[in-house]
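Enquirer: Got a file for you: upload-v2.txt, compact mmCIF, C-alpha atoms.
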# COMPACT_ATOMS: atom_id res chain seq x y z
CA MET A 1 0.00 0.00 0.00
CA SER A 2 1.21 3.51 -0.80
CA LYS A 3 1.72 6.31 1.69
CA THR A 4 -1.05 8.81 2.33
CA TYR A 5 -0.98 12.33 3.70
CA VAL A 6 -3.23 15.00 5.11
CA VAL A 7 -2.37 18.06 3.01
CA GLY A 8 -5.10 20.50 4.02
CA VAL A 9 -7.39 20.99 7.00
CA GLY A 10 -10.05 23.47 8.00
CA MET A 11 -12.82 23.89 10.53
CA THR A 12 -15.38 26.35 11.78
CA LYS A 13 -15.60 27.61 15.30
CA PHE A 14 -17.88 25.27 17.22
CA GLU A 15 -21.00 27.08 18.39
CA LYS A 16 -23.94 26.59 20.71
CA PRO A 17 -26.88 25.42 18.56
CA GLY A 18 -28.93 28.36 17.35
CA SER A 19 -26.41 30.99 18.44
CA ARG A 20 -25.33 31.80 14.88
CA GLU A 21 -27.38 32.43 11.75
CA TRP A 22 -26.07 29.66 9.52
CA ASP A 23 -27.07 26.32 8.06
CA TYR A 24 -25.06 23.20 7.26
CA PRO A 25 -24.15 24.33 3.70
CA ASP A 26 -22.63 27.48 5.22
CA MET A 27 -20.64 25.35 7.67
CA ALA A 28 -19.39 23.05 4.91
CA ARG A 29 -18.43 25.96 2.68
CA GLU A 30 -16.38 27.50 5.49
CA SER A 31 -14.51 24.38 6.59
CA GLY A 32 -14.08 23.00 3.06
CA SER A 33 -12.82 26.29 1.65
CA LYS A 34 -10.31 26.57 4.48
CA ALA A 35 -9.03 23.06 3.80
CA LEU A 36 -8.67 23.74 0.07
CA GLU A 37 -6.91 27.03 0.76
CA ASP A 38 -4.62 25.31 3.25
CA ALA A 39 -3.66 22.72 0.64
CA GLY A 40 -3.35 25.35 -2.09
CA ILE A 41 -5.55 23.43 -4.50
CA SER A 42 -8.94 23.89 -6.14
CA TYR A 43 -12.00 21.71 -5.67
CA ASP A 44 -11.53 20.50 -9.26
CA GLU A 45 -8.59 18.41 -8.03
CA ILE A 46 -10.73 16.49 -5.52
CA GLU A 47 -11.65 13.10 -7.03
CA GLN A 48 -13.98 11.77 -4.32
CA ALA A 49 -15.70 13.25 -1.28
CA TYR A 50 -16.88 11.53 1.89
CA VAL A 51 -19.28 13.72 3.86
CA GLY A 52 -20.41 12.86 7.38
CA TYR A 53 -23.37 13.96 9.48
CA VAL A 54 -25.65 12.21 11.98
CA TYR A 55 -28.77 14.37 11.96
CA GLY A 56 -29.88 15.23 8.44
CA GLU A 57 -31.78 14.24 5.34
CA SER A 58 -30.44 11.86 2.71
CA THR A 59 -27.94 13.44 0.26
CA SER A 60 -27.20 16.33 2.62
CA GLY A 61 -23.59 15.47 1.83
CA GLN A 62 -24.05 16.44 -1.79
CA ARG A 63 -25.81 19.66 -0.85
CA ALA A 64 -22.95 20.48 1.51
CA VAL A 65 -20.06 20.05 -0.93
CA TYR A 66 -21.95 21.69 -3.78
CA GLU A 67 -20.94 24.87 -1.95
CA LEU A 68 -17.38 24.04 -3.05
CA GLY A 69 -18.10 23.05 -6.63
CA LEU A 70 -20.21 21.00 -9.03
CA THR A 71 -17.75 18.62 -10.65
CA GLY A 72 -19.71 15.35 -10.83
CA ILE A 73 -17.38 13.42 -8.52
CA PRO A 74 -18.63 10.58 -6.30
CA VAL A 75 -19.98 11.99 -3.02
CA VAL A 76 -20.59 9.42 -0.29
CA ASN A 77 -22.82 10.23 2.69
CA VAL A 78 -21.44 8.85 5.96
CA ASN A 79 -23.18 8.24 9.31
CA ASN A 80 -21.46 6.33 12.12
CA ASN A 81 -22.82 8.03 15.21
CA CYS A 82 -20.18 10.09 17.07
CA SER A 83 -17.32 8.58 15.03
CA THR A 84 -18.83 9.87 11.78
CA GLY A 85 -16.11 12.44 11.04
CA SER A 86 -13.25 10.02 11.48
CA THR A 87 -15.15 7.39 9.48
CA ALA A 88 -15.29 9.84 6.56
CA LEU A 89 -11.54 10.33 7.02
CA PHE A 90 -11.03 6.54 7.13
CA LEU A 91 -12.87 6.11 3.82
CA ALA A 92 -11.03 8.98 2.13
CA ASN A 93 -7.72 7.58 3.31
CA GLN A 94 -8.68 4.09 2.13
CA ALA A 95 -9.56 5.39 -1.34
CA VAL A 96 -6.20 7.15 -1.69
CA ARG A 97 -4.11 4.40 -0.10
CA SER A 98 -5.62 1.78 -2.42
CA GLY A 99 -4.68 3.85 -5.47
CA VAL A 100 -8.26 4.42 -6.62
CA VAL A 101 -7.77 8.20 -6.43
CA GLU A 102 -4.90 10.60 -5.82
CA CYS A 103 -6.83 13.14 -3.74
CA ALA A 104 -10.00 12.86 -1.64
CA LEU A 105 -11.96 15.13 0.67
CA ALA A 106 -13.36 14.15 4.07
CA LEU A 107 -15.85 16.66 5.42
CA GLY A 108 -18.19 16.51 8.41
CA PHE A 109 -20.82 18.83 9.83
CA GLU A 110 -23.64 18.88 12.32
CA LYS A 111 -26.56 21.21 12.95
CA MET A 112 -27.90 20.11 16.31
CA LYS A 113 -30.80 20.78 18.66
CA SER A 114 -30.08 22.00 22.17
CA GLY A 115 -30.26 19.56 25.06
CA SER A 116 -29.62 15.84 25.38
CA LEU A 117 -29.48 13.66 22.28
CA THR A 118 -32.75 12.04 21.26
CA SER A 119 -33.78 9.47 18.67
CA THR A 120 -35.23 10.58 15.35
CA TYR A 121 -37.44 7.60 14.50
CA GLU A 122 -39.81 5.99 16.99
CA ASP A 123 -41.37 3.36 14.70
CA ARG A 124 -38.39 0.96 14.62
CA GLU A 125 -35.88 -0.65 16.94
CA GLN A 126 -33.21 1.69 18.23
CA PRO A 127 -29.66 0.61 17.36
CA MET A 128 -28.51 0.84 20.98
CA VAL A 129 -31.18 -1.50 22.40
CA LYS A 130 -28.80 -4.44 22.95
CA HIS A 131 -26.24 -2.20 24.65
CA VAL A 132 -28.81 -0.53 26.89
CA GLN A 133 -30.39 -3.82 27.93
CA ALA A 134 -27.00 -5.33 28.74
CA LEU A 135 -25.91 -2.30 30.74
CA ALA A 136 -29.21 -2.16 32.66
CA GLU A 137 -28.35 -5.61 34.02
CA LEU A 138 -25.15 -4.16 35.49
CA GLN A 139 -26.12 -0.64 36.61
CA GLU A 140 -29.52 0.85 37.43
CA PHE A 141 -31.00 2.58 34.37
CA ALA A 142 -31.05 6.37 34.31
CA PHE A 143 -31.79 9.12 31.84
CA PRO A 144 -30.42 10.90 29.77
CA LEU A 145 -29.04 7.83 28.08
CA ALA A 146 -25.50 8.83 27.08
CA PRO A 147 -24.45 10.27 30.48
CA TRP A 148 -25.88 7.17 32.15
CA MET A 149 -23.93 4.79 29.91
CA PHE A 150 -20.57 6.48 30.30
CA GLY A 151 -21.31 7.41 33.91
CA ALA A 152 -22.08 3.76 34.68
CA ALA A 153 -18.68 2.84 33.26
CA GLY A 154 -17.14 5.45 35.55
CA VAL A 155 -18.94 3.96 38.57
CA GLU A 156 -17.69 0.50 37.59
CA HIS A 157 -14.13 1.84 37.42
CA MET A 158 -14.46 3.39 40.88
CA GLN A 159 -15.79 0.14 42.32
CA LYS A 160 -13.05 -2.00 40.75
CA TYR A 161 -10.02 0.25 41.10
CA GLY A 162 -10.75 2.89 43.73
CA THR A 163 -10.90 5.78 41.30
CA THR A 164 -12.62 8.80 42.83
CA PRO A 165 -15.01 11.46 41.49
CA GLU A 166 -12.16 13.95 41.85
CA HIS A 167 -10.10 12.09 39.24
CA PHE A 168 -12.89 12.60 36.71
CA ALA A 169 -13.39 16.22 37.76
CA LYS A 170 -9.68 16.87 37.20
CA ILE A 171 -10.08 15.73 33.59
CA GLY A 172 -12.81 18.33 33.09
CA LEU A 173 -10.55 20.90 34.77
CA LYS A 174 -7.68 20.09 32.38
CA ASN A 175 -9.74 20.22 29.21
CA HIS A 176 -11.42 23.51 30.06
CA LYS A 177 -8.01 24.96 30.86
CA HIS A 178 -6.65 23.78 27.50
CA SER A 179 -9.56 25.32 25.59
CA VAL A 180 -8.72 28.83 26.78
CA ASN A 181 -6.11 28.96 24.00
CA ASN A 182 -8.30 27.51 21.25
CA PRO A 183 -10.20 30.13 19.20
CA TYR A 184 -12.28 27.33 17.61
CA ALA A 185 -13.64 26.08 20.96
CA GLN A 186 -17.27 26.54 21.92
CA PHE A 187 -16.18 27.32 25.48
CA GLN A 188 -12.97 29.14 26.39
CA ASP A 189 -13.48 29.51 30.13
CA GLU A 190 -11.21 28.18 32.84
CA TYR A 191 -12.72 26.84 36.06
CA THR A 192 -11.52 25.83 39.49
CA LEU A 193 -11.82 22.22 40.60
CA ASP A 194 -14.58 23.20 43.01
CA GLU A 195 -16.51 24.88 40.19
CA ILE A 196 -16.23 21.70 38.11
CA LYS A 197 -17.45 19.56 41.01
CA GLU A 198 -20.25 21.94 42.01
CA SER A 199 -21.75 22.52 38.56
CA LYS A 200 -25.11 20.98 37.68
CA MET A 201 -25.29 17.27 38.52
CA ILE A 202 -25.93 15.09 35.46
CA TYR A 203 -25.35 11.54 36.80
CA GLU A 204 -25.15 11.41 40.56
CA PRO A 205 -23.70 7.91 41.17
CA MET A 206 -20.45 9.02 39.47
CA GLN A 207 -20.75 12.67 40.54
CA LEU A 208 -20.71 13.50 36.83
CA THR A 209 -21.39 17.21 36.47
CA ARG A 210 -22.21 19.40 33.50
CA LEU A 211 -18.63 20.69 33.17
CA GLN A 212 -17.45 17.10 32.64
CA CYS A 213 -19.85 16.53 29.72
CA SER A 214 -19.57 17.49 26.07
CA PRO A 215 -22.23 19.94 24.88
CA THR A 216 -24.36 19.81 21.77
CA SER A 217 -22.76 21.98 19.09
CA ASP A 218 -23.01 23.26 15.54
CA GLY A 219 -19.94 23.18 13.35
CA SER A 220 -17.91 21.58 10.59
CA GLY A 221 -14.44 20.22 9.87
CA ALA A 222 -12.64 19.08 6.73
CA ALA A 223 -9.44 17.32 5.70
CA ILE A 224 -7.87 16.62 2.31
CA VAL A 225 -6.05 13.31 1.92
CA ALA A 226 -3.56 12.86 -0.91
CA SER A 227 -1.10 10.34 -2.29
CA GLU A 228 2.67 10.64 -2.20
CA ARG A 229 2.71 11.45 -5.90
CA PHE A 230 0.14 14.23 -5.41
CA VAL A 231 2.23 15.67 -2.57
CA ASP A 232 5.36 15.63 -4.73
CA ASP A 233 3.65 17.06 -7.80
CA HIS A 234 2.17 19.96 -5.79
CA GLY A 235 5.21 20.66 -3.62
CA LEU A 236 3.33 19.99 -0.39
CA GLY A 237 6.05 18.06 1.46
CA ASP A 238 6.71 20.78 4.03
CA GLN A 239 3.12 20.87 5.25
CA ALA A 240 1.95 17.30 4.60
CA VAL A 241 1.25 15.08 7.59
CA GLU A 242 1.57 11.36 6.94
CA ILE A 243 -1.10 8.94 8.13
CA VAL A 244 1.23 6.23 9.42
CA GLY A 245 -1.50 4.01 10.85
CA GLN A 246 -5.27 3.90 10.83
CA ALA A 247 -7.88 1.31 11.76
CA MET A 248 -11.58 0.98 12.45
CA VAL A 249 -13.06 -1.61 14.83
CA THR A 250 -16.73 -2.25 15.52
CA ASP A 251 -18.37 -4.17 18.37
CA MET A 252 -17.00 -7.61 19.10
CA LYS A 253 -18.33 -10.54 21.14
CA SER A 254 -16.43 -9.14 24.11
CA THR A 255 -18.66 -6.04 24.07
CA PHE A 256 -21.47 -8.15 25.51
CA GLU A 257 -19.69 -11.21 26.90
CA ASP A 258 -17.42 -9.26 29.25
CA LYS A 259 -20.41 -8.21 31.39
CA SER A 260 -18.64 -4.88 31.80
CA ALA A 261 -19.92 -1.33 31.45
CA ALA A 262 -16.52 -0.29 30.08
CA SER A 263 -16.79 -2.84 27.27
CA LEU A 264 -20.34 -1.75 26.47
CA VAL A 265 -19.15 1.84 25.94
CA GLY A 266 -16.30 0.77 23.70
CA ALA A 267 -13.18 0.17 25.79
CA GLN A 268 -12.41 -3.17 24.13
CA MET A 269 -13.07 -1.73 20.67
CA THR A 270 -10.59 1.04 21.44
CA LYS A 271 -7.98 -1.37 22.77
CA ALA A 272 -8.19 -3.61 19.69
CA CYS A 273 -8.19 -0.66 17.30
CA ALA A 274 -5.21 1.05 18.92
CA GLN A 275 -3.20 -2.17 18.81
CA LYS A 276 -3.77 -2.45 15.07
CA VAL A 277 -2.53 1.13 14.59
CA TYR A 278 0.55 0.64 16.76
CA GLU A 279 1.45 -2.45 14.73
CA GLN A 280 0.87 -0.67 11.39
CA ALA A 281 2.97 2.33 12.38
CA GLY A 282 5.65 0.38 14.27
CA ILE A 283 5.18 2.56 17.36
CA ALA A 284 4.35 2.23 21.03
CA PRO A 285 2.15 4.49 23.18
CA SER A 286 5.31 5.91 24.77
CA ASP A 287 6.42 7.25 21.37
CA VAL A 288 3.36 9.50 21.05
CA ASP A 289 3.61 13.19 21.96
CA VAL A 290 0.09 14.56 21.54
CA ILE A 291 -3.33 12.92 21.59
CA GLU A 292 -6.84 14.01 20.68
CA LEU A 293 -9.26 11.48 22.15
CA HIS A 294 -13.02 11.16 22.51
CA ASP A 295 -13.83 12.72 25.88
CA CYS A 296 -17.60 12.87 25.41
CA PHE A 297 -17.64 12.54 29.21
CA SER A 298 -14.75 12.67 31.65
CA ALA A 299 -15.24 8.98 32.42
CA ASN A 300 -14.52 8.05 28.82
CA GLU A 301 -11.27 10.01 28.75
CA LEU A 302 -9.98 8.06 31.73
CA LEU A 303 -11.13 4.73 30.28
CA THR A 304 -9.44 5.63 27.00
CA TYR A 305 -6.08 6.29 28.70
CA GLU A 306 -6.07 2.63 29.64
CA ALA A 307 -7.51 1.31 26.37
CA LEU A 308 -4.85 3.18 24.36
CA GLY A 309 -2.16 1.66 26.55
CA LEU A 310 -0.99 4.88 28.21
CA CYS A 311 -1.14 3.03 31.52
CA PRO A 312 -2.21 -0.40 32.83
CA GLU A 313 -5.91 -1.07 33.34
CA GLY A 314 -7.02 0.52 36.58
CA ASP A 315 -4.23 3.12 36.69
CA GLY A 316 -6.01 5.94 34.86
CA GLY A 317 -6.47 7.84 38.11
CA LYS A 318 -2.75 7.66 38.81
CA LEU A 319 -2.06 9.16 35.39
CA VAL A 320 -4.36 12.07 36.26
CA ASP A 321 -2.77 12.64 39.67
CA ALA A 322 0.73 12.63 38.15
CA GLY A 323 -0.21 15.34 35.61
CA ASP A 324 0.92 13.05 32.80
CA THR A 325 -1.81 14.11 30.35
CA THR A 326 -1.18 17.85 30.17
CA TYR A 327 1.64 20.23 29.31
CA GLY A 328 4.83 19.16 31.07
CA GLY A 329 3.61 15.57 31.39
CA ARG A 330 4.32 12.46 29.35
CA TRP A 331 1.58 13.30 26.81
CA VAL A 332 -0.62 16.28 26.12
CA VAL A 333 -4.15 14.92 25.78
CA ASN A 334 -6.81 17.10 24.14
CA PRO A 335 -4.83 20.34 23.76
CA SER A 336 -7.87 21.63 21.83
CA GLY A 337 -10.02 21.39 24.94
CA GLY A 338 -11.50 18.12 23.78
CA LEU A 339 -15.19 17.49 23.27
CA ILE A 340 -15.90 18.66 26.82
CA SER A 341 -14.87 22.24 26.11
CA LYS A 342 -14.27 22.53 22.36
CA GLY A 343 -17.72 21.09 21.65
CA HIS A 344 -19.13 18.02 19.93
CA PRO A 345 -20.99 18.52 16.63
CA LEU A 346 -21.16 14.79 15.97
CA GLY A 347 -20.28 14.64 12.28
CA ALA A 348 -17.48 17.17 12.61
CA THR A 349 -15.68 15.95 15.74
CA GLY A 350 -13.30 13.47 14.11
CA LEU A 351 -12.23 16.01 11.49
CA ALA A 352 -11.71 18.72 14.10
CA GLN A 353 -9.41 16.27 15.90
CA CYS A 354 -7.52 15.71 12.64
CA SER A 355 -7.22 19.48 12.13
CA GLU A 356 -5.84 20.02 15.62
CA LEU A 357 -3.23 17.29 15.29
CA THR A 358 -2.19 18.50 11.84
CA TRP A 359 -1.58 21.98 13.26
CA GLN A 360 0.30 20.50 16.21
CA LEU A 361 2.63 18.47 13.98
CA ARG A 362 3.25 21.48 11.74
CA GLY A 363 4.14 23.54 14.82
CA LYS A 364 1.27 25.94 14.02
CA ALA A 365 -0.97 25.50 17.09
CA GLU A 366 0.07 28.85 18.58
CA LYS A 367 -0.50 29.18 22.34
CA ARG A 368 -1.58 25.55 22.69
CA GLN A 369 1.42 24.17 20.79
CA VAL A 370 2.89 21.00 22.27
CA PRO A 371 6.66 21.56 22.22
CA GLY A 372 8.51 19.27 19.82
CA ALA A 373 5.43 17.28 18.77
CA LYS A 374 6.54 14.64 16.26
CA LEU A 375 3.95 11.86 16.61
CA ALA A 376 0.21 12.28 17.16
CA LEU A 377 -2.64 9.90 17.92
CA GLN A 378 -6.37 10.40 17.29
CA HIS A 379 -9.24 8.44 18.86
CA ASN A 380 -12.91 8.86 17.93
CA ILE A 381 -15.73 6.58 19.08
CA GLY A 382 -19.41 6.17 18.32
CA LEU A 383 -21.59 3.81 20.33
CA GLY A 384 -23.51 1.16 18.56
CA GLY A 385 -20.59 1.04 17.64
CA ALA A 386 -17.37 2.02 15.89
CA VAL A 387 -13.93 3.26 16.90
CA VAL A 388 -11.41 4.89 14.56
CA VAL A 389 -7.80 5.39 15.70
CA THR A 390 -5.25 7.23 13.53
CA ALA A 391 -1.53 7.93 13.96
CA TYR A 392 0.21 10.85 12.23
CA ARG A 393 3.70 12.26 11.80
CA PRO A 394 5.07 15.11 9.66
CA ALA A 395 6.14 14.08 6.16
CA SER A 396 9.21 16.29 6.40
CA ARG A 397 10.69 14.40 9.40
Turn this file's structure into structure tokens for me.
Expert:
Amino acid sequence: MSKTYVVGVGMTKFEKPGSREWDYPDMARESGSKALEDAGISYDEIEQAYVGYVYGESTSGQRAVYELGLTGIPVVNVNNNCSTGSTALFLANQAVRSGVVECALALGFEKMKSGSLTSTYEDREQPMVKHVQALAELQEFAFPLAPWMFGAAGVEHMQKYGTTPEHFAKIGLKNHKHSVNNPYAQFQDEYTLDEIKESKMIYEPMQLTRLQCSPTSDGSGAAIVASERFVDDHGLGDQAVEIVGQAMVTDMKSTFEDKSAASLVGAQMTKACAQKVYEQAGIAPSDVDVIELHDCFSANELLTYEALGLCPEGDGGKLVDAGDTTYGGRWVVNPSGGLISKGHPLGATGLAQCSELTWQLRGKAEKRQVPGAKLALQHNIGLGGAVVVTAYRPASR
């Protein structure tokens, strides 16, 4: 298989739903135009487009990229729950790596309603029924659904390993602090630990508060993936970021057979997916400098530390206490502010993560720059379920 590179990225600022007068075509035009400008190419050079969104009508992907041009190329609509953006990236990368095309666009957007996520169709089985039923056998059911599922996994971790609510609150503290330096973040406010702990209670058994939860958001992100020949022909070597490993894993038997809340919210998917990427790239977790991971709730960030192999299972709290996931530590995790503070427009999240890591590896992340970042890791998960993990390094190194 040939090498593939991210050569252009772009995103909108993530916004509270309804706070800005725009629609999804406006979002796509903004992020896509920025990515094309970043790569220094025109839309005419894009051979395929993969466009992700969770809430929207069929062929919204076409309507979105028509803002960039009408060239007749294949446009594929992508929906994979919260991992939609990185799934679009996975498909674009696959098309280029296989040699089918030289240059592909991955674009994601979301126009959301305020409040907790709800289902769209009530006349058919919900895709999460098996997961919810299995989890209800382990932890008492609560609503809203997503905070309960991840919160239940946090409770399980506390019961098994002695993790405390303060460990999870410290993750919220870190990510809000990081977002202060991110102009694309929905929230750019720093809080004290007490303010994190005393904010509105969302799931009491874990002491999961509002400032440890990702908000609903509007926004868009885009990335352009190109072949080695395209990079050479267009003189993009100095800015290209190589995708050195990428994998997608969906639910396995262990999701249900483990009888574990952590497995039901994707910990085993993440572990298996990360291992594939480490093997592809010939790297270990200790080689990574900067990570953007799916912190939809603080509990999931801590679970993901362990699933990515940053520490042994059960030691996520120790990693937090040691300050190993922020500036000056062993890794900088979610320098963007993560989903908790940057925001979480479902279809755009994975591409915003890609944008952040591309800027980090180019040394262009300004006040949030991770010093000497040479290897980056991205993790994006959607329940029901799919995980995409991607490893990047600068082409010029």
Enquirer: Using all atoms of range 184-190 of chain A that appear in the file, construct an axis-aligned enclosing box with 8 Å of padding on every side and provide its centre coordinates and edge lengths in Å, rounded to one decimal, as JSON.
Expert:
{"center_x": -14.2, "center_y": 27.8, "center_z": 25.2, "size_x": 22.1, "size_y": 19.4, "size_z": 31.2}
Enquirer: Report, in Å to a single decimal, how far apart CA of Gly172 in chain A and CA of Ile243 in chain A are.
Expert: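 That distance, rounded to one decimal, is 29.1 Å.
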Enquirer: For Leu91 in chain A, please output as a ChimeraX atom specification all residues within 10 Å (counting only C-alpha atoms; exclusion window: fewer than 2 positions along the same chain).
Expert: /A:48-51,76,78,86-89,93-97,104-106
Enquirer: Could you check which of A:Thr84, A:Gln280, A:Ser58, A:Gln239 is closest to Pro394 in chain A, using all atoms listed in the file?
Expert: A:Gln239
Enquirer: CA of Gly32 in chain A and CA of Glu15 in chain A, how far apart in Å?
Expert: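 So the answer is 17.3 Å.
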Enquirer: CA of Gly56 in chain A and CA of Pro17 in chain A are how many Å apart?
Expert: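 These atoms are spaced 14.7 Å apart.
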Enquirer: In terms of the shortest atom-to-atom distance over all atoms listed in the file, which of A:Leu383, A:Val332, A:Ile171, A:Val180 is closest to Leu193 in chain A?
Expert: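 Closest to Leu193 in chain A of all the choices is A:Ile171.
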Enquirer: Give me the residues within 8 Å of Ala261 in chain A as a list in words, counting only C-alpha atoms and dropping any in the same chain fewer than 5 places off.
Expert: Leu135, Leu138, Met149, Phe150, Ala152, Ala153 and Glu156 of chain A
Enquirer: With all atoms listed in the file as the counted atoms, please give the residues lying no more than 7 Å from Val249 in chain A, apart from itself and same-chain residues fewer than 3 positions off, as a ChimeraX atom specification.
Expert: /A:269,273,386-388
Enquirer: Which polymer residues have any atom within 9 Å of an atom of Asn181 in chain A, counting all atoms listed in the file, with same-chain residues fewer than 5 positions away left out, as a PyMOL selection string?
Expert: chain A and resi 188+335-337+366-368
Enquirer: Under the rule that all atoms listed in the file are counted, which of A:Glu257, A:Leu310, A:Asp26, A:Ser227 is the nearest residue to Gln275 in chain A?
Expert: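 Residue with the minimum atom-to-atom distance to Gln275 in chain A: A:Leu310.
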Enquirer: For each of A:Val225, A:Val320, A:Leu357, A:Val265, take the minimum atom-to-atom distance to Val132 in chain A, counting only C-alpha atoms, then give the residue where this is smallest.
Expert: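 Of the candidates, the smallest distance to Val132 in chain A is held by A:Val265.
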Enquirer: As a short mmCIF file (atom, residue, chain, number, x, y, z; two decimals) with C-alpha atoms, keeping the file's coordinate frame, please: the residues near Gly40 in chain A (cut-off 12 Å, only C-alpha atoms, same-chain neighbours under 3 positions excluded).
Expert:
data_model
loop_
_atom_site.label_atom_id
_atom_site.label_comp_id
_atom_site.auth_asym_id
_atom_site.auth_seq_id
_atom_site.Cartn_x
_atom_site.Cartn_y
_atom_site.Cartn_z
CA VAL A 7 -2.37 18.06 3.01
CA GLY A 8 -5.10 20.50 4.02
CA VAL A 9 -7.39 20.99 7.00
CA SER A 33 -12.82 26.29 1.65
CA LYS A 34 -10.31 26.57 4.48
CA ALA A 35 -9.03 23.06 3.80
CA LEU A 36 -8.67 23.74 0.07
CA GLU A 37 -6.91 27.03 0.76
CA TYR A 43 -12.00 21.71 -5.67
CA ASP A 44 -11.53 20.50 -9.26
CA GLU A 45 -8.59 18.41 -8.03
CA ILE A 224 -7.87 16.62 2.31
CA VAL A 231 2.23 15.67 -2.57
CA HIS A 234 2.17 19.96 -5.79
CA GLY A 235 5.21 20.66 -3.62
CA LEU A 236 3.33 19.99 -0.39
CA GLN A 239 3.12 20.87 5.25
CA ALA A 240 1.95 17.30 4.60
#
Enquirer: Which is closest to Ser220 in chain A among A:Ser98, A:Cys103, A:Glu110, A:Asp38, if we use all atoms listed in the file?
Expert: A:Glu110
Enquirer: Determine the nearest neighbour of Ala391 in chain A from the options A:Thr12, A:Arg210, A:Phe90, A:Phe143, counting all atoms listed in the file.
Expert: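 Closest candidate: A:Phe90.
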